[in-house]
Every structure is written in C-alpha cells, then in structure tokens.
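Everything below concerns the one structure shown next.
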Amino acid sequence: MLEIPGNRGLVAFSSVLALIAGCGGGEASSGAASGDQPAAGAVVEHPVDAATAGSVSGTVTFAGDVPAPAAIDMADEPSCQEETGGNAVRENVVVGSGGELANVFVYVKEGLDSSLEFPAGDPVVLDQRGCTYRPHIVGLSMGQLLTVRNSDDVLHNINATPTENRGFNRSQPQVGMEFQTSFPTPEVMIPVRCDVHGWMDAYVGVTPHPYHAVSDADGMFAMDRLPPGDYVLEAWHELYGTATQSVTVEQGGMTSVTFEFNETMAGRPVPMGPVLVVDHATGTMLRTTPRL
Amino acid sequence: MMGNRALVLAAFLLLPLPLAAQETGNEDPAGKVVYDRWCAGCHGTDGRGEGPGALTMLPRPRDFTRALYQVRTTGSGELPTDDDIMHVINVGMPGTAMPGWEDLLSSQERESLVTYLKSMSRFFNSTPPPAQLEFSNAPRVSDARIAEGAEIYEQVECSKCHGRAGRADGTSAPTQKDGSDLPIYPANLTQNWRFNGGGTVEDIYRILRTGLDGTPMASFSDLIDAGVITDDQFWSLAHYVRSLSPEEPPRIREVITAADVGEGELPTSPTDERWETVDKFYIPLVGQIVVKPRWFNPRVQNLWVQALHDSADVAMLVSWSDPSRSPDEEWAPFAQRIVETMGPKDKGSTWAPGAPDQLVVQFPLTLPTGMERPYFLQGDARRPAYMWSWRSDHDRAVEMVARGLGTGQEQPASSQQVSAEATWADGEWRVLFRRSLATPDSTADLQLPRATVVPVAFQAWDGNNGEAGNQAAVSTWYFLALEESVPITVFITPLAAFLLTAVLGLVVVTRAQRREEEMPGRN
C-alpha cells in the first residue's frame, strides 16, 4: 500500500512535490502480494455530500458485424465443462442482440478534485468458477481489497501482471482457497491470467476514486454520488481500445452518456498502464498519484 | 488559488532536475562500468533486456526496469533481497544463456553491480527492503517421503504443466507464456542440472514457495495457510521432484560402447526391459548456428544413446525428452509463436504446420583412416556423411548420404538396410535403430567393423517447436565402439587356476596344523 506520509489525497502540487522528493514509499510493495493491508481509506467518510451530488449513467454499444465468440475447449477439465454446460465461450467480446457491449470499464479520467479522499469500499470478489473468471472485468479503487477465490476443485494460478504496481502469481489448487490483496497505484488495466487454463483472463481497473463501473449485459453502467462538475469519462475495452466523453454533472442531476465502439476499432493498440488525469481544480495535468 | 498555481508551476519547472537527481542517486558509477562491459550485451544499456544478443535467446534476458526477479527468497511479486540478486550473478541461471560470474568478477565488482541493477527500477527506490520468507531446513530423504511427494505432485496438479513423468508434457504446456507474452517451456523435471533457479532439493523447495516471477510458475506458499499441505509436505514434494533427476548431472563420454550380447538376442523393441541395464551415454545438443537460417532455440537439449550388437547386427536405442509428438494440432499455435519469436534474428524458416519430429544418426560414409572426419554438419563434397534418418510422420528410418547440411539423398529402396521402431510416451521418444554390421551395398553404406571406433553424431528436430530444415539441434562427433566379446575361457582359466592354488594351499596348511596337534610332547 503506497501512501504519501500524512495524507493520501493531496492537492496537486504537493503530490508533485512528493514525487520529486521520492518519498512515495509507504509501507511496502507487500500490499499487492501479502494481501493483509488494511484499506487505508476505511475510516474515511465519503467526502461528497449525497444531497448535492449527481450521477452519470449510460450505455455502451457496438456497431458493425459482431464477431462470433470463440468457443473454449474444456475437455481437459471435466468439472469446469460441467459447470459451464460444455458451451463456454471467450468473454473478450460480449455483444447483446441490440448491439449492447458488455465488459467495458468506464471511469472518471479527468475533472475530479484530486484532494478528495474516499473510503476504500467493501472488498470486491474475483471468483474462479467453471474455469472462468467472474467477473471478467473488475473495478477497484486504489487500496480497496480484492478477494481472489477459487470455487473450482482444480488448480488455478492467479498471475497478475501490472506495470505500475507489483504483480503476483499465486496458486490455488483446491476449492475454497482465497486471498486478499490490493493495488496502491491507479492503473487501467491490470491483466490477470491463469497459466494452467490458457483461455482464462480478466482485467482489473484501479482508479484513485470510486467512480468506475463495468457495462453489464445490457451495455448499461452507472456511477453515483459524483460532485457537480465537468468530467472526462473514459471507456476501455480489451479489444477495441478506449473512447472518451466529456460530461457535465449538475447538482442532483442525472447525466446520461453513450459510448459507441465499432469493428474498425479492433486491432488498434489498447492502452494499458498508468492513469493520467487532468485536475480541473488546478488546471494541471498530472499522474493521479506518484508511482510506487 | 493564484498562489497555488504559481507553486505548481514552480514545482513543474523544478521537476526535471530533482527527478534526474533522484534517478541517478542510487547509481553506482563502478557498477555501471561493470554492467556496460559485461551485462549490456544481452540486457541492454538501459536494462530493458533488449541488448544486441537478446534476439538469439529464449527466455529473453531479464528486463531490470520491471524488477521482476525469478530467483528470490521473498514472496510472490516482492522485490528480491540484495543477496538474492548476488546469488544469481554468482551462479547464473542454469538452462538459459545467463552464466555465473563468481569467478569472473571481483566481489567488489559484483556488489557494485547489485546496486546498479537496483537503480534501474523505480520499485527499489520507493519500496522498503522486502522480508525474506521463513524457510525450514531440508529433512532427510526417504522412500516414504518420495512416495508422499509423488501423491502431492498429483494432488496440487504439478502435472498440468510438468507432465506425469515430469517431462514438461502437461496438457497446459502448449499455451505457456512468460511475463512478456513470449512462449516459455515448463521445466523438464528429469533434468535438474538445467533448472532455472537451481536443482538442489533446497532450490526446488524455494521455487515452490516463491514461484518464479515473470514466468507461469506460481508461488504455492498459500497452501500452507489454507491447510492444503504442510511446510513439511513441501519438502516431500521437493524431494520427489529432485528424485526425478539423476543423483549427479550426467557426464559426457566420448565413446559409446555397444556391448556384445553374444549368443543372446538383441532387443527388438524400444521399450524392452533389457534396455534398463544397458549403459546409457549422454549426448548434449546445441542449436545449429553455422548455416543460415540458424537456430538458437533447440528444444531437444540432449539425447541418451544405448547400443548392443550380436556380431551380425547393431541395435541402437536413442531416447530424448520431447513434450509432444509432432505434428500435433494442439501445439501448432505454440510452434507458430516460437517461429515468430525467433524469426527476426534469422529469417528463412522452412517450418510449416505438420512438421514432424526427426532424428539423424550420422556416420562418415567411409571410415576415416586418420583423424579427419567429415564436417560435423552432414559432411561436405569431399567427405560425405552416411545417415540414418527417422521422422515421426513416416515412422520409419531411411539410409541417406549427404554432402552438406540439408543435402541428404535417400538411398534407393532396394538398398535400404536400416530399420527403426519408435515409441512416444510421457514426453519421451525412444527410437530403436537396427542394421546389420555388414551390408550388401558396401560402397553406399558404412560398414561397421568391430574392434575399431566409428565416428557418430546426432541431429534432432522438434516439429512442434518450429524446427525444420537447417533449424535443428546438433551434436559434435562422438565414437561408437562395438565391443569384441571375450571367450568365456579367458575368464574361466585364471579363475580355475586361482581356485586350484587356494585349495592346494588350504590342504597343505591343514595338514601342517594337524601334524602339530599330533605332536603333544613337543612343548
């Protein structure tokens, strides 16, 4: 868990100064690996007044020919084959009949006052069931606990390969095993894979705040309790890259937004790694936090 | 607000200077000198593992900027200790291109290198020194412990990648990739002298506990907390894995002897039990890096050769680890990835899906009278090579004559004299060649004389590893010696003489003693 001494959510210039001073080191890279880090923000009250806050909701759509989902051959794992009914498919493109695109990670990229300090939130579960990561896309706030669980009675290894955080590669050869971990540095996205089952992959998005969501089977996503203001939202998809939208959140208002991905976006580089944010409060662009 | 902005601006203006100072703060100038001279060729001057030599290597050299170290005494994802880094510098990484430097660099040079390597990753700046895991001491090995380890091996599904017999032929092996998404092989557990991270039981225990970061090998330490297996059982598993390899790394012997079975029959099957008692000769192979396109990533790292003869025929059993039986659809994408990974160095791969496994046993076409043997890569125009060539897709061997690598011509069907029988099981090929010592076409085939040594060399291809054409694993020349059987009288005559002498001696002594006893009045 990385922590700047004194205060986690510092105003922009002090973050920068902290970076310069090189005192980013809090208590350790063990945050990612040991999993016993308490969420630093656990005692923090939500800083946004619910009465004056607004919300953003929207849909993600896909235009063009929908690629057929690739079938997964689980013949070597009979229990997983049974769990998934023998017709498991890759979840890298999940499009509904009306063009709704699921598994898109949407988050507030710019515009949030970076001095705000948020509670870390409840632990989020990444389950392994039927030799499938559930969910496929995970949203986390930095410091928020991730519970990694094996609900299969087969060997899985959980191999997380971030660039901004320390990764880990841990084995769970038995049903019911679980560990908790967290990521101290924002990163969109952190790939997670199982090397035993080449088809198993997931992505974890870590943001410095709780304003992130994953589009569901109807392509819908929502973020609540946003302070009124102008924001840039980014939507990230593992094959189609990113799209951004500017939105304005009114006091008590509900802003609606639509992201559209299309087949021509396939194959272009998918950005991975550090989150760069413009802080509208100070008008500067900076990394959300100093890197580890 | 304005004050804030000014401060921010000031901070940004100042940024480059202190940042640069910070990044170079830990740099050890002495370490940089050592690094640039000895390490940068592979790891690159910037430490990203992209030095000029990197493209010939798989696994690629380590990228120090990511601070992902395989060999550690710390938990998964943790930084290594200074001692961990020093250990790898000292002993190298067996099975890879990384040599040990303990005898090549002074301790001062190596220490400065540790400091310099750490300065290449920001993670070392910002993270406190990692805590070492607590490792217990190795208990003594016993049959019971090895048996328990074998059960755990199956229980925690090591075989998924490493295979039932440990030859890296598990069902998950074809999809393995490292931290840079490059193809990677699970360790062949029957060859501990090539283990990345060391092959002692302590090394194996440590690797099980920490994993090998940047590879698919995960840490299994969580199993202790979860009560799946105990720390002591980790040792049983480690002892079992250790037991899959020979006690000592195999020695290289230049002369492969083929014993004479005399009146006995030669084994006709590669799995005949009699092979278990026949002396095995270890033949290491290397990539063919003389003729383009060269091959820097040979899958067949070594062979075992056994031979017998009965004065009429010679039987030669060649066995080697190969995780798959090429061609195999499951492995085709892996082969494709290997070709793409190794391709940029030497273009011109002739590999195509469906490529078989192959083995060539190579002799000179005619016995050299002096020291001069044919060129080790299938001879040349002046000194051709005579070869037994086996392919997994044809499942038969043919006699060929070659005048240079890849120029082999099959002898006409009417003069084919060699036969082969092959089996593949649990990641191992066993190919049994058989030929009569003397053949009718004595000018086209090498005649195999007894009482003299015959040069022999080997080449092997793994089709599922992207190997075809010139891209193969090759050996240097060895010798095959057909032992002359010794008539049994040679052993019996001296034995009989020895026995006779002993018996006579005994008689004389006994008589003398008896006579003494019969003369009581003598004292």
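In the structure tokens, each chain is lettered A, B, ... as it comes, each chain's residues begin at 1, and ligands are numbered from 1 in order of appearance.
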(message) When you look at segment 80-96 of chain A with a cut-off of 9 Å (counting only C-alpha atoms), what residues show up, excluding the ones that are within fewer than 6 positions of it in the same chain? I need them as a ChimeraX atom specification.
(response) /A:61-62,66-74,102-103,129-132,136,152-154,199-201,217-219,237-239
Within 6 Å of chain A, which residues of chain B show up? Give each one with its shortest atom-to-atom distance in Å (one decimal) and the two atoms involved, counting only C-alpha atoms, rows by chain then rising residue number, as CSV.
```
residue,atom,partner,partner_atom,distance
B:Val8,CA,A:Phe13,CA,4.9
B:Leu19,CA,A:Ile20,CA,5.7
B:Ser76,CA,A:Phe168,CA,5.1
B:Gly77,CA,A:Phe168,CA,4.3
B:Ser126,CA,A:Gly25,CA,4.3
B:Thr127,CA,A:Ala28,CA,5.2
B:Pro128,CA,A:Ala28,CA,5.8
B:Val156,CA,A:Pro173,CA,5.3
B:Ser172,CA,A:Val196,CA,5.4
B:Thr175,CA,A:Gly198,CA,5.7
B:Pro216,CA,A:Asp195,CA,5.7
B:Ala218,CA,A:Asn169,CA,4.8
B:Ser219,CA,A:Arg170,CA,4.8
B:Phe220,CA,A:Ser171,CA,5.3
```
Residues of the last selection are to be written out with N, CA, C and O atoms, as a PDB file, in the first residue's frame.
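What ended up in result04.pdb:
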```pdb
ATOM      1  N   VAL B   8       2.575  25.265  -8.222  1.00  0.00           N
ATOM      2  CA  VAL B   8       2.558  24.102  -9.105  1.00  0.00           C
ATOM      3  C   VAL B   8       3.515  24.324 -10.265  1.00  0.00           C
ATOM      4  O   VAL B   8       4.299  23.457 -10.642  1.00  0.00           O
ATOM      5  N   LEU B  19      14.214  15.145 -10.236  1.00  0.00           N
ATOM      6  CA  LEU B  19      13.881  13.795 -10.685  1.00  0.00           C
ATOM      7  C   LEU B  19      15.129  13.093 -11.197  1.00  0.00           C
ATOM      8  O   LEU B  19      15.397  11.940 -10.870  1.00  0.00           O
ATOM      9  N   SER B  76       5.750 -13.956  -3.595  1.00  0.00           N
ATOM     10  CA  SER B  76       5.416 -13.673  -4.988  1.00  0.00           C
ATOM     11  C   SER B  76       5.163 -12.180  -5.188  1.00  0.00           C
ATOM     12  O   SER B  76       4.442 -11.559  -4.415  1.00  0.00           O
ATOM     13  N   GLY B  77       5.769 -11.615  -6.209  1.00  0.00           N
ATOM     14  CA  GLY B  77       5.582 -10.201  -6.513  1.00  0.00           C
ATOM     15  C   GLY B  77       6.470  -9.276  -5.697  1.00  0.00           C
ATOM     16  O   GLY B  77       6.526  -8.080  -5.948  1.00  0.00           O
ATOM     17  N   SER B 126      11.225   3.102  -4.006  1.00  0.00           N
ATOM     18  CA  SER B 126      10.036   3.500  -3.276  1.00  0.00           C
ATOM     19  C   SER B 126       9.543   2.438  -2.319  1.00  0.00           C
ATOM     20  O   SER B 126       8.600   2.656  -1.599  1.00  0.00           O
ATOM     21  N   THR B 127      10.169   1.282  -2.348  1.00  0.00           N
ATOM     22  CA  THR B 127       9.639   0.188  -1.547  1.00  0.00           C
ATOM     23  C   THR B 127      10.672  -0.216  -0.518  1.00  0.00           C
ATOM     24  O   THR B 127      11.848  -0.341  -0.852  1.00  0.00           O
ATOM     25  N   PRO B 128      10.258  -0.406   0.701  1.00  0.00           N
ATOM     26  CA  PRO B 128      11.222  -0.822   1.719  1.00  0.00           C
ATOM     27  C   PRO B 128      11.784  -2.203   1.417  1.00  0.00           C
ATOM     28  O   PRO B 128      11.180  -2.949   0.644  1.00  0.00           O
ATOM     29  N   VAL B 156      -1.738 -31.426  -6.138  1.00  0.00           N
ATOM     30  CA  VAL B 156      -1.726 -30.000  -6.459  1.00  0.00           C
ATOM     31  C   VAL B 156      -1.502 -29.767  -7.953  1.00  0.00           C
ATOM     32  O   VAL B 156      -1.306 -28.643  -8.387  1.00  0.00           O
ATOM     33  N   SER B 172      -1.350 -28.310 -20.173  1.00  0.00           N
ATOM     34  CA  SER B 172      -1.287 -26.843 -20.264  1.00  0.00           C
ATOM     35  C   SER B 172       0.013 -26.350 -20.894  1.00  0.00           C
ATOM     36  O   SER B 172       0.168 -25.142 -21.108  1.00  0.00           O
ATOM     37  N   THR B 175       0.299 -23.754 -24.046  1.00  0.00           N
ATOM     38  CA  THR B 175      -0.186 -22.361 -24.015  1.00  0.00           C
ATOM     39  C   THR B 175       0.647 -21.483 -23.093  1.00  0.00           C
ATOM     40  O   THR B 175       0.271 -20.350 -22.805  1.00  0.00           O
ATOM     41  N   PRO B 216       5.170 -18.478 -15.709  1.00  0.00           N
ATOM     42  CA  PRO B 216       3.908 -19.039 -15.206  1.00  0.00           C
ATOM     43  C   PRO B 216       4.058 -19.780 -13.880  1.00  0.00           C
ATOM     44  O   PRO B 216       3.057 -20.114 -13.258  1.00  0.00           O
ATOM     45  N   ALA B 218       3.948 -20.366 -10.358  1.00  0.00           N
ATOM     46  CA  ALA B 218       3.366 -19.572  -9.284  1.00  0.00           C
ATOM     47  C   ALA B 218       3.934 -19.980  -7.935  1.00  0.00           C
ATOM     48  O   ALA B 218       4.517 -21.054  -7.788  1.00  0.00           O
ATOM     49  N   SER B 219       3.740 -19.109  -6.965  1.00  0.00           N
ATOM     50  CA  SER B 219       4.062 -19.437  -5.580  1.00  0.00           C
ATOM     51  C   SER B 219       2.983 -20.340  -5.015  1.00  0.00           C
ATOM     52  O   SER B 219       1.797 -20.104  -5.212  1.00  0.00           O
ATOM     53  N   PHE B 220       3.425 -21.375  -4.290  1.00  0.00           N
ATOM     54  CA  PHE B 220       2.465 -22.285  -3.660  1.00  0.00           C
ATOM     55  C   PHE B 220       2.398 -22.079  -2.154  1.00  0.00           C
ATOM     56  O   PHE B 220       1.819 -22.888  -1.438  1.00  0.00           O
TER      57      PHE B 220
END
```
(request) Could you tell me how far atom CA of Val48 of chain A lies from atom CA of Lys109 of chain A, in Å and to one decimal? (result) 17.5 Å
(message) When DSSP is applied to the backbone of this structure, which of segment 34-208 of chain A are assigned alpha helix (DSSP H)? Write them out as a list in words.
(response)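 Residues meeting the alpha helix (DSSP H) criterion: Ser34, Pro78, Ser79, Cys80, Gln81, Glu82 and Glu83 of chain A.
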(message) Need the shell around Phe259 of chain A: protein/DNA/RNA residues with any atom at most 12 Å away, counting only C-alpha atoms. Skip same-chain ones fewer than 5 positions apart. Format as a ChimeraX atom specification?
(response) /A:57-63,99-102,104-106,215,219-221,233-237,240,242-247
Any chance you can output those residues with N, CA, C and O atoms as a CSV table (one decimal), in the first residue's frame?
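What ended up in out-v1.csv:
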```csv
chain,number,residue,atom,x,y,z
A,57,SER,N,-25.0,7.9,-15.8
A,57,SER,CA,-25.3,6.6,-16.3
A,57,SER,C,-25.3,6.6,-17.8
A,57,SER,O,-25.4,7.6,-18.4
A,58,GLY,N,-25.3,5.4,-18.3
A,58,GLY,CA,-25.2,5.4,-19.8
A,58,GLY,C,-25.2,4.0,-20.3
A,58,GLY,O,-25.3,3.0,-19.6
A,59,THR,N,-25.0,3.9,-21.6
A,59,THR,CA,-24.9,2.6,-22.3
A,59,THR,C,-23.7,2.6,-23.2
A,59,THR,O,-23.2,3.6,-23.6
A,60,VAL,N,-23.2,1.4,-23.4
A,60,VAL,CA,-22.1,1.2,-24.4
A,60,VAL,C,-22.7,0.3,-25.5
A,60,VAL,O,-23.3,-0.7,-25.2
A,61,THR,N,-22.4,0.8,-26.7
A,61,THR,CA,-23.0,0.0,-27.8
A,61,THR,C,-21.9,-0.4,-28.8
A,61,THR,O,-20.8,0.2,-28.7
A,62,PHE,N,-22.2,-1.3,-29.6
A,62,PHE,CA,-21.2,-1.8,-30.6
A,62,PHE,C,-21.9,-1.8,-32.0
A,62,PHE,O,-23.0,-2.2,-32.2
A,63,ALA,N,-21.2,-1.1,-33.0
A,63,ALA,CA,-21.8,-1.1,-34.3
A,63,ALA,C,-20.9,-1.9,-35.3
A,63,ALA,O,-19.7,-2.0,-35.2
A,99,GLY,N,-26.9,-4.9,-30.0
A,99,GLY,CA,-25.7,-4.2,-30.1
A,99,GLY,C,-25.1,-3.6,-28.7
A,99,GLY,O,-24.2,-2.8,-28.7
A,100,GLU,N,-25.7,-4.1,-27.6
A,100,GLU,CA,-25.2,-3.7,-26.3
A,100,GLU,C,-23.8,-4.3,-26.0
A,100,GLU,O,-23.7,-5.5,-26.1
A,101,LEU,N,-22.8,-3.5,-25.7
A,101,LEU,CA,-21.5,-4.1,-25.4
A,101,LEU,C,-21.2,-4.2,-23.9
A,101,LEU,O,-21.2,-3.2,-23.2
A,102,ALA,N,-21.0,-5.4,-23.5
A,102,ALA,CA,-20.7,-5.6,-22.1
A,102,ALA,C,-19.2,-5.6,-21.8
A,102,ALA,O,-18.4,-5.5,-22.8
A,104,VAL,N,-17.2,-3.4,-20.6
A,104,VAL,CA,-16.4,-2.2,-20.9
A,104,VAL,C,-16.2,-1.5,-19.5
A,104,VAL,O,-17.2,-1.3,-18.7
A,105,PHE,N,-15.0,-1.1,-19.2
A,105,PHE,CA,-14.6,-0.5,-18.0
A,105,PHE,C,-14.8,1.0,-18.2
A,105,PHE,O,-14.1,1.6,-19.1
A,106,VAL,N,-15.6,1.7,-17.5
A,106,VAL,CA,-15.9,3.1,-17.6
A,106,VAL,C,-15.5,3.8,-16.3
A,106,VAL,O,-15.8,3.3,-15.2
A,215,SER,N,-19.8,-2.1,-17.9
A,215,SER,CA,-21.0,-2.2,-18.5
A,215,SER,C,-21.5,-3.7,-18.4
A,215,SER,O,-20.8,-4.6,-18.5
A,219,GLY,N,-25.3,-3.5,-21.7
A,219,GLY,CA,-24.4,-2.4,-22.0
A,219,GLY,C,-24.5,-1.2,-21.1
A,219,GLY,O,-24.1,-0.1,-21.4
A,220,MET,N,-25.2,-1.4,-20.0
A,220,MET,CA,-25.5,-0.3,-19.0
A,220,MET,C,-24.4,-0.2,-18.0
A,220,MET,O,-23.9,-1.2,-17.5
A,221,PHE,N,-24.2,1.1,-17.6
A,221,PHE,CA,-23.3,1.3,-16.4
A,221,PHE,C,-23.8,2.6,-15.7
A,221,PHE,O,-24.6,3.4,-16.3
A,233,LEU,N,-15.0,11.2,-19.1
A,233,LEU,CA,-15.1,9.8,-18.8
A,233,LEU,C,-14.3,9.0,-19.9
A,233,LEU,O,-14.3,9.4,-21.1
A,234,GLU,N,-13.7,7.9,-19.5
A,234,GLU,CA,-13.1,7.0,-20.5
A,234,GLU,C,-13.7,5.7,-20.4
A,234,GLU,O,-14.0,5.2,-19.3
A,235,ALA,N,-13.9,5.1,-21.6
A,235,ALA,CA,-14.4,3.7,-21.6
A,235,ALA,C,-13.3,2.9,-22.2
A,235,ALA,O,-12.8,3.2,-23.3
A,236,TRP,N,-13.0,1.8,-21.6
A,236,TRP,CA,-11.9,0.9,-22.0
A,236,TRP,C,-12.5,-0.5,-22.4
A,236,TRP,O,-13.2,-1.1,-21.6
A,237,HIS,N,-12.1,-1.0,-23.5
A,237,HIS,CA,-12.4,-2.3,-23.9
A,237,HIS,C,-11.2,-3.1,-24.4
A,237,HIS,O,-10.3,-2.5,-25.0
A,240,TYR,N,-11.1,-3.2,-28.3
A,240,TYR,CA,-11.4,-2.1,-29.1
A,240,TYR,C,-10.8,-0.8,-28.6
A,240,TYR,O,-11.0,0.3,-29.1
A,242,THR,N,-9.9,2.5,-26.3
A,242,THR,CA,-10.6,3.4,-25.4
A,242,THR,C,-11.4,4.5,-26.2
A,242,THR,O,-11.1,4.8,-27.4
A,243,ALA,N,-12.4,5.0,-25.6
A,243,ALA,CA,-13.2,6.1,-26.1
A,243,ALA,C,-13.4,7.1,-24.9
A,243,ALA,O,-13.6,6.7,-23.8
A,244,THR,N,-13.4,8.4,-25.2
A,244,THR,CA,-13.7,9.3,-24.1
A,244,THR,C,-14.9,10.2,-24.4
A,244,THR,O,-15.2,10.4,-25.6
A,245,GLN,N,-15.5,10.7,-23.4
A,245,GLN,CA,-16.6,11.6,-23.5
A,245,GLN,C,-16.5,12.7,-22.4
A,245,GLN,O,-16.2,12.3,-21.3
A,246,SER,N,-16.9,13.9,-22.7
A,246,SER,CA,-17.0,15.0,-21.7
A,246,SER,C,-18.4,15.0,-21.2
A,246,SER,O,-19.3,15.0,-22.0
A,247,VAL,N,-18.6,15.1,-19.9
A,247,VAL,CA,-19.9,15.2,-19.4
A,247,VAL,C,-19.9,16.3,-18.3
A,247,VAL,O,-18.9,16.6,-17.7
```
(request) Would you please work out which residue, of B:Ala150, B:Ala512, B:Val314, B:Val398, is nearest to Arg450 of chain B when using only C-alpha atoms? (result)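 Between B:Ala150, B:Ala512, B:Val314, B:Val398, the residue approaching Arg450 of chain B most closely is B:Val314.
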(request) Tell me which of A:Val175, A:Ala120, A:Leu126, A:Val108 sits closest to Ala226 of chain B, counting only C-alpha atoms. (result)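 Selected residue with least distance to Ala226 of chain B: A:Val175.
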